file upload_14.csv (CSV, N, CA and C atoms)
chain,number,residue,atom,x,y,z
M,1,MET,N,22.3,-2.3,-14.9
M,1,MET,CA,21.3,-1.7,-15.8
M,1,MET,C,19.9,-1.9,-15.3
M,2,ASP,N,19.1,-0.9,-15.3
M,2,ASP,CA,17.7,-1.0,-14.8
M,2,ASP,C,16.9,-1.8,-15.7
M,3,GLN,N,16.0,-2.6,-15.2
M,3,GLN,CA,15.1,-3.4,-16.0
M,3,GLN,C,13.8,-2.6,-16.2
M,4,ILE,N,13.4,-2.4,-17.5
M,4,ILE,CA,12.2,-1.7,-17.8
M,4,ILE,C,11.0,-2.6,-17.5
M,5,GLY,N,10.0,-2.0,-16.9
M,5,GLY,CA,8.8,-2.7,-16.5
M,5,GLY,C,9.0,-3.7,-15.4
M,6,SER,N,10.0,-3.5,-14.5
M,6,SER,CA,10.2,-4.5,-13.5
M,6,SER,C,9.4,-4.2,-12.2
M,7,GLY,N,8.7,-3.1,-12.1
M,7,GLY,CA,7.8,-2.9,-11.0
M,7,GLY,C,8.4,-1.9,-10.0
M,8,LYS,N,9.5,-1.2,-10.3
M,8,LYS,CA,10.1,-0.3,-9.4
M,8,LYS,C,9.1,0.8,-9.0
M,9,SER,N,8.4,1.4,-9.9
M,9,SER,CA,7.5,2.5,-9.7
M,9,SER,C,6.3,1.9,-8.8
M,10,ASN,N,5.9,0.7,-9.1
M,10,ASN,CA,4.8,0.1,-8.3
M,10,ASN,C,5.2,0.0,-6.8
M,11,ILE,N,6.5,-0.3,-6.5
M,11,ILE,CA,6.9,-0.5,-5.2
M,11,ILE,C,7.0,0.9,-4.5
M,12,SER,N,7.5,1.9,-5.2
M,12,SER,CA,7.6,3.2,-4.6
M,12,SER,C,6.2,3.8,-4.4
M,13,ASP,N,5.3,3.6,-5.3
M,13,ASP,CA,3.9,4.1,-5.2
M,13,ASP,C,3.3,3.4,-4.0
M,14,CYS,N,3.5,2.1,-3.8
M,14,CYS,CA,2.9,1.4,-2.7
M,14,CYS,C,3.4,1.9,-1.3
M,15,ILE,N,4.7,2.2,-1.2
M,15,ILE,CA,5.3,2.8,0.0
M,15,ILE,C,4.6,4.1,0.3
M,16,ARG,N,4.6,5.0,-0.7
M,16,ARG,CA,3.9,6.3,-0.5
M,16,ARG,C,2.5,6.2,-0.1
M,17,TRP,N,1.8,5.2,-0.7
M,17,TRP,CA,0.3,5.0,-0.4
M,17,TRP,C,0.2,4.6,1.1
M,18,ILE,N,1.0,3.6,1.5
M,18,ILE,CA,0.9,3.1,2.9
M,18,ILE,C,1.2,4.2,3.9
M,19,LEU,N,2.1,5.1,3.6
M,19,LEU,CA,2.5,6.1,4.5
M,19,LEU,C,1.6,7.3,4.4
M,20,GLY,N,0.5,7.3,3.6
M,20,GLY,CA,-0.5,8.3,3.7
M,20,GLY,C,-0.8,9.1,2.5
M,21,GLU,N,-0.2,8.9,1.4
M,21,GLU,CA,-0.4,9.7,0.2
M,21,GLU,C,-1.9,9.7,-0.1
M,22,GLN,N,-2.5,10.9,-0.3
M,22,GLN,CA,-3.9,11.0,-0.5
M,22,GLN,C,-4.4,11.1,-1.9
M,23,SER,N,-3.5,11.5,-2.8
M,23,SER,CA,-3.8,11.7,-4.2
M,23,SER,C,-3.6,10.5,-5.0
M,24,LEU,N,-4.7,9.9,-5.5
M,24,LEU,CA,-4.5,8.7,-6.4
M,24,LEU,C,-3.8,9.1,-7.7
M,25,LYS,N,-4.0,10.3,-8.1
M,25,LYS,CA,-3.3,10.7,-9.4
M,25,LYS,C,-1.8,10.7,-9.1
M,26,ALA,N,-1.3,11.1,-7.9
M,26,ALA,CA,0.1,11.0,-7.6
M,26,ALA,C,0.6,9.6,-7.7
M,27,LEU,N,-0.3,8.6,-7.6
M,27,LEU,CA,0.1,7.2,-7.6
M,27,LEU,C,-0.2,6.6,-8.9
M,28,ARG,N,-0.4,7.4,-10.0
M,28,ARG,CA,-0.6,6.9,-11.3
M,28,ARG,C,-2.0,6.2,-11.4
M,29,GLY,N,-3.0,6.7,-10.7
M,29,GLY,CA,-4.3,6.2,-10.7
M,29,GLY,C,-5.3,7.4,-10.7
M,30,SER,N,-6.6,7.1,-11.0
M,30,SER,CA,-7.5,8.2,-11.0
M,30,SER,C,-8.8,7.8,-10.1
M,31,LYS,N,-8.9,6.6,-9.8
M,31,LYS,CA,-10.1,6.2,-8.9
M,31,LYS,C,-9.7,4.9,-8.2
M,32,THR,N,-10.5,4.6,-7.1
M,32,THR,CA,-10.2,3.4,-6.3
M,32,THR,C,-10.1,2.1,-7.1
M,33,GLU,N,-10.9,2.1,-8.2
M,33,GLU,CA,-10.9,0.8,-9.0
M,33,GLU,C,-9.6,0.6,-9.6
M,34,ASP,N,-8.7,1.6,-9.7
M,34,ASP,CA,-7.4,1.4,-10.3
M,34,ASP,C,-6.5,0.7,-9.3
M,35,ILE,N,-6.8,0.7,-8.0
M,35,ILE,CA,-6.0,0.1,-7.0
M,35,ILE,C,-6.5,-1.3,-6.6
M,36,ILE,N,-7.8,-1.4,-6.5
M,36,ILE,CA,-8.4,-2.6,-6.0
M,36,ILE,C,-8.6,-3.7,-7.1
M,37,PHE,N,-8.2,-4.9,-6.8
M,37,PHE,CA,-8.3,-6.0,-7.8
M,37,PHE,C,-9.8,-6.1,-8.3
M,38,ALA,N,-9.9,-6.0,-9.6
M,38,ALA,CA,-11.3,-6.0,-10.2
M,38,ALA,C,-11.8,-7.4,-10.6
M,39,GLY,N,-10.9,-8.4,-10.4
M,39,GLY,CA,-11.4,-9.8,-10.7
M,39,GLY,C,-11.0,-10.2,-12.2
M,40,THR,N,-11.2,-11.5,-12.4
M,40,THR,CA,-11.0,-12.0,-13.7
M,40,THR,C,-12.1,-13.0,-14.0
M,41,GLN,N,-12.1,-13.7,-15.1
M,41,GLN,CA,-13.1,-14.6,-15.4
M,41,GLN,C,-13.1,-15.8,-14.4
M,42,ASN,N,-11.9,-16.1,-13.8
M,42,ASN,CA,-11.8,-17.2,-12.9
M,42,ASN,C,-11.7,-16.8,-11.4
M,43,ARG,N,-11.5,-15.5,-11.1
M,43,ARG,CA,-11.3,-15.0,-9.8
M,43,ARG,C,-12.2,-13.8,-9.5
M,44,ARG,N,-13.0,-13.9,-8.4
M,44,ARG,CA,-13.9,-12.8,-8.1
M,44,ARG,C,-13.1,-11.5,-7.7
M,45,SER,N,-13.8,-10.4,-7.8
M,45,SER,CA,-13.2,-9.1,-7.4
M,45,SER,C,-13.1,-9.0,-5.9
M,46,LEU,N,-12.2,-8.1,-5.4
M,46,LEU,CA,-12.1,-7.9,-4.0
M,46,LEU,C,-12.7,-6.6,-3.6
M,47,GLY,N,-13.1,-6.5,-2.3
M,47,GLY,CA,-13.8,-5.4,-1.8
M,47,GLY,C,-12.8,-4.3,-1.3
M,48,PHE,N,-11.5,-4.6,-1.2
M,48,PHE,CA,-10.5,-3.7,-0.7
M,48,PHE,C,-9.1,-4.1,-1.1
M,49,ALA,N,-8.2,-3.1,-1.0
M,49,ALA,CA,-6.8,-3.3,-1.3
M,49,ALA,C,-6.1,-3.1,0.0
M,50,GLU,N,-5.1,-3.8,0.3
M,50,GLU,CA,-4.3,-3.6,1.6
M,50,GLU,C,-2.9,-3.9,1.4
M,51,ALA,N,-2.0,-3.1,2.0
M,51,ALA,CA,-0.6,-3.3,1.9
M,51,ALA,C,0.0,-3.0,3.3
M,52,SER,N,1.2,-3.5,3.6
M,52,SER,CA,1.8,-3.3,4.9
M,52,SER,C,3.3,-3.1,4.7
M,53,LEU,N,3.9,-2.3,5.6
M,53,LEU,CA,5.3,-2.1,5.7
M,53,LEU,C,5.7,-2.6,7.1
M,54,ILE,N,6.8,-3.3,7.2
M,54,ILE,CA,7.3,-3.8,8.5
M,54,ILE,C,8.6,-3.2,8.7
M,55,PHE,N,8.8,-2.5,9.8
M,55,PHE,CA,10.0,-1.8,10.2
M,55,PHE,C,10.7,-2.6,11.3
M,56,ASP,N,12.0,-2.8,11.1
M,56,ASP,CA,12.8,-3.4,12.2
M,56,ASP,C,13.3,-2.4,13.2
M,57,ASN,N,12.8,-2.5,14.4
M,57,ASN,CA,13.2,-1.5,15.4
M,57,ASN,C,14.1,-2.2,16.5
M,58,SER,N,14.8,-3.2,16.1
M,58,SER,CA,15.6,-3.9,17.1
M,58,SER,C,16.7,-3.0,17.7
M,59,ASP,N,17.1,-1.9,17.0
M,59,ASP,CA,18.1,-1.0,17.5
M,59,ASP,C,17.5,0.1,18.4
M,60,GLY,N,16.2,0.1,18.5
M,60,GLY,CA,15.5,1.0,19.4
M,60,GLY,C,15.4,2.4,18.8
M,61,ARG,N,15.6,2.6,17.5
M,61,ARG,CA,15.6,3.9,16.9
M,61,ARG,C,14.3,4.6,17.1
M,62,LEU,N,13.2,3.8,17.0
M,62,LEU,CA,11.9,4.4,17.3
M,62,LEU,C,11.7,4.3,18.8
M,63,PRO,N,11.2,5.4,19.4
M,63,PRO,CA,11.1,5.4,20.9
M,63,PRO,C,9.9,4.6,21.5
M,64,ILE,N,9.8,3.3,21.1
M,64,ILE,CA,8.8,2.4,21.6
M,64,ILE,C,9.5,1.1,22.0
M,65,GLU,N,8.8,0.3,22.8
M,65,GLU,CA,9.4,-0.9,23.3
M,65,GLU,C,9.4,-2.1,22.3
M,66,TYR,N,8.7,-1.9,21.2
M,66,TYR,CA,8.6,-3.1,20.2
M,66,TYR,C,9.8,-3.1,19.3
M,67,THR,N,10.2,-4.3,18.9
M,67,THR,CA,11.4,-4.5,18.0
M,67,THR,C,10.9,-4.6,16.6
M,68,GLU,N,9.6,-4.6,16.3
M,68,GLU,CA,9.1,-4.7,15.0
M,68,GLU,C,7.8,-3.8,15.0
M,69,VAL,N,7.7,-2.9,14.0
M,69,VAL,CA,6.6,-2.0,13.8
M,69,VAL,C,6.0,-2.2,12.5
M,70,THR,N,4.7,-2.4,12.4
M,70,THR,CA,4.0,-2.6,11.1
M,70,THR,C,3.0,-1.5,10.9
M,71,VAL,N,3.1,-0.9,9.7
M,71,VAL,CA,2.1,0.1,9.3
M,71,VAL,C,1.4,-0.5,8.1
M,72,SER,N,0.0,-0.5,8.2
M,72,SER,CA,-0.8,-1.0,7.1
M,72,SER,C,-1.8,0.0,6.6
M,73,ARG,N,-2.2,-0.1,5.4
M,73,ARG,CA,-3.3,0.8,4.9
M,73,ARG,C,-4.2,-0.1,4.1
M,74,ARG,N,-5.5,0.2,4.3
M,74,ARG,CA,-6.6,-0.5,3.6
M,74,ARG,C,-7.5,0.5,2.9
M,75,LEU,N,-7.8,0.3,1.6
M,75,LEU,CA,-8.7,1.1,0.8
M,75,LEU,C,-9.9,0.3,0.4
M,76,TYR,N,-11.1,0.8,0.7
M,76,TYR,CA,-12.3,0.1,0.4
M,76,TYR,C,-12.9,0.6,-0.9
M,77,ARG,N,-13.7,-0.2,-1.6
M,77,ARG,CA,-14.4,0.3,-2.8
M,77,ARG,C,-15.2,1.6,-2.6
M,78,SER,N,-15.7,1.8,-1.4
M,78,SER,CA,-16.5,3.0,-1.1
M,78,SER,C,-15.6,4.2,-1.1
M,79,GLY,N,-14.3,4.1,-1.1
M,79,GLY,CA,-13.4,5.2,-1.1
M,79,GLY,C,-12.8,5.4,0.3
M,80,GLU,N,-13.4,4.8,1.3
M,80,GLU,CA,-12.9,4.9,2.7
M,80,GLU,C,-11.5,4.3,2.8
M,81,SER,N,-10.6,5.0,3.5
M,81,SER,CA,-9.3,4.5,3.6
M,81,SER,C,-8.9,4.5,5.1
M,82,ARG,N,-8.2,3.5,5.6
M,82,ARG,CA,-7.8,3.4,7.0
M,82,ARG,C,-6.3,3.0,7.0
M,83,ILE,N,-5.6,3.6,8.0
M,83,ILE,CA,-4.2,3.3,8.3
M,83,ILE,C,-4.2,2.6,9.6
M,84,PHE,N,-3.4,1.5,9.7
M,84,PHE,CA,-3.3,0.8,11.0
M,84,PHE,C,-1.8,0.8,11.4
M,85,TYR,N,-1.6,1.0,12.7
M,85,TYR,CA,-0.2,0.9,13.3
M,85,TYR,C,-0.1,-0.3,14.2
call {"tool": "encode", "arguments": {"input": "upload_14.csv", "output": "structure tokens"}}
result
Amino acid sequence: MDQIGSGKSNISDCIRWILGEQSLKALRGSKTEDIIFAGTQNRRSLGFAEASLIFDNSDGRLPIEYTEVTVSRRLYRSGESRIFY
């Protein structure tokens, strides 16, 4: 049985975002502030959000010499977004 509110949609949204999804509305958000931690009374806000996916390439499926491939994406409060390989 699926658990309601267990974060399944958050995980799939994160994967889509890392791999290049451009529409924040497609990720259940409307502005960068919906993704970047806004802070609390005890913790300051952050200037960016970042997430990474790590792929196991030990079987050589990807045509590169590395056995592990990381794809990361960073979104800044300014709205600038960068993807790192």
call {"tool": "closest_residue", "arguments": {"input": "upload_14.csv", "among": "M:Lys31, M:Trp17, M:Ala38, M:Arg77", "to": "Ala51 of chain M", "atoms": "only N, CA and C atoms"}}
result
M:Trp17
call {"tool": "residues_around", "arguments": {"input": "upload_14.csv", "residues": "Leu75 of chain M", "least_positions_apart": "6", "cutoff": "8 Å", "atoms": "only N, CA and C atoms", "output": "PDB file with N, CA and C atoms, keeping the file's coordinate frame"}}
result
ATOM      1  N   THR M  32     -10.500   4.600  -7.100  1.00  0.00           N
ATOM      2  CA  THR M  32     -10.200   3.400  -6.300  1.00  0.00           C
ATOM      3  C   THR M  32     -10.100   2.100  -7.100  1.00  0.00           C
ATOM      4  N   ILE M  35      -6.800   0.700  -8.000  1.00  0.00           N
ATOM      5  CA  ILE M  35      -6.000   0.100  -7.000  1.00  0.00           C
ATOM      6  C   ILE M  35      -6.500  -1.300  -6.600  1.00  0.00           C
ATOM      7  N   ILE M  36      -7.800  -1.400  -6.500  1.00  0.00           N
ATOM      8  CA  ILE M  36      -8.400  -2.600  -6.000  1.00  0.00           C
ATOM      9  C   ILE M  36      -8.600  -3.700  -7.100  1.00  0.00           C
ATOM     10  N   GLY M  47     -13.100  -6.500  -2.300  1.00  0.00           N
ATOM     11  CA  GLY M  47     -13.800  -5.400  -1.800  1.00  0.00           C
ATOM     12  C   GLY M  47     -12.800  -4.300  -1.300  1.00  0.00           C
ATOM     13  N   PHE M  48     -11.500  -4.600  -1.200  1.00  0.00           N
ATOM     14  CA  PHE M  48     -10.500  -3.700  -0.700  1.00  0.00           C
ATOM     15  C   PHE M  48      -9.100  -4.100  -1.100  1.00  0.00           C
ATOM     16  N   ALA M  49      -8.200  -3.100  -1.000  1.00  0.00           N
ATOM     17  CA  ALA M  49      -6.800  -3.300  -1.300  1.00  0.00           C
ATOM     18  C   ALA M  49      -6.100  -3.100   0.000  1.00  0.00           C
ATOM     19  N   GLU M  50      -5.100  -3.800   0.300  1.00  0.00           N
ATOM     20  CA  GLU M  50      -4.300  -3.600   1.600  1.00  0.00           C
ATOM     21  C   GLU M  50      -2.900  -3.900   1.400  1.00  0.00           C
ATOM     22  N   ALA M  51      -2.000  -3.100   2.000  1.00  0.00           N
ATOM     23  CA  ALA M  51      -0.600  -3.300   1.900  1.00  0.00           C
ATOM     24  C   ALA M  51       0.000  -3.000   3.300  1.00  0.00           C
ATOM     25  N   SER M  81     -10.600   5.000   3.500  1.00  0.00           N
ATOM     26  CA  SER M  81      -9.300   4.500   3.600  1.00  0.00           C
ATOM     27  C   SER M  81      -8.900   4.500   5.100  1.00  0.00           C
ATOM     28  N   ARG M  82      -8.200   3.500   5.600  1.00  0.00           N
ATOM     29  CA  ARG M  82      -7.800   3.400   7.000  1.00  0.00           C
ATOM     30  C   ARG M  82      -6.300   3.000   7.000  1.00  0.00           C
ATOM     31  N   ILE M  83      -5.600   3.600   8.000  1.00  0.00           N
ATOM     32  CA  ILE M  83      -4.200   3.300   8.300  1.00  0.00           C
ATOM     33  C   ILE M  83      -4.200   2.600   9.600  1.00  0.00           C
TER      34      ILE M  83
END
call {"tool": "select_by_dssp", "arguments": {"input": "upload_14.csv", "residues": "chain M", "states": "strand (DSSP E or B)", "output": "PyMOL selection string"}}
result
chain M and resi 48-56+68-76+81-84
call {"tool": "atom_distance", "arguments": {"input": "upload_14.csv", "atom1": "atom CA of Phe84 of chain M", "atom2": "atom N of Ile18 of chain M"}}
result
10.8 Å
call {"tool": "closest_residue", "arguments": {"input": "upload_14.csv", "among": "M:Leu53, M:Leu62, M:Leu46, M:Ile11", "to": "Tyr85 of chain M", "atoms": "only C-alpha atoms"}}
result
M:Leu53
call {"tool": "atom_distance", "arguments": {"input": "upload_14.csv", "atom1": "atom CA of Ser23 of chain M", "atom2": "atom N of Glu68 of chain M"}}
result
29.4 Å
call {"tool": "atom_distance", "arguments": {"input": "upload_14.csv", "atom1": "atom C of Thr67 of chain M", "atom2": "atom CA of Ile54 of chain M"}}
result
8.9 Å
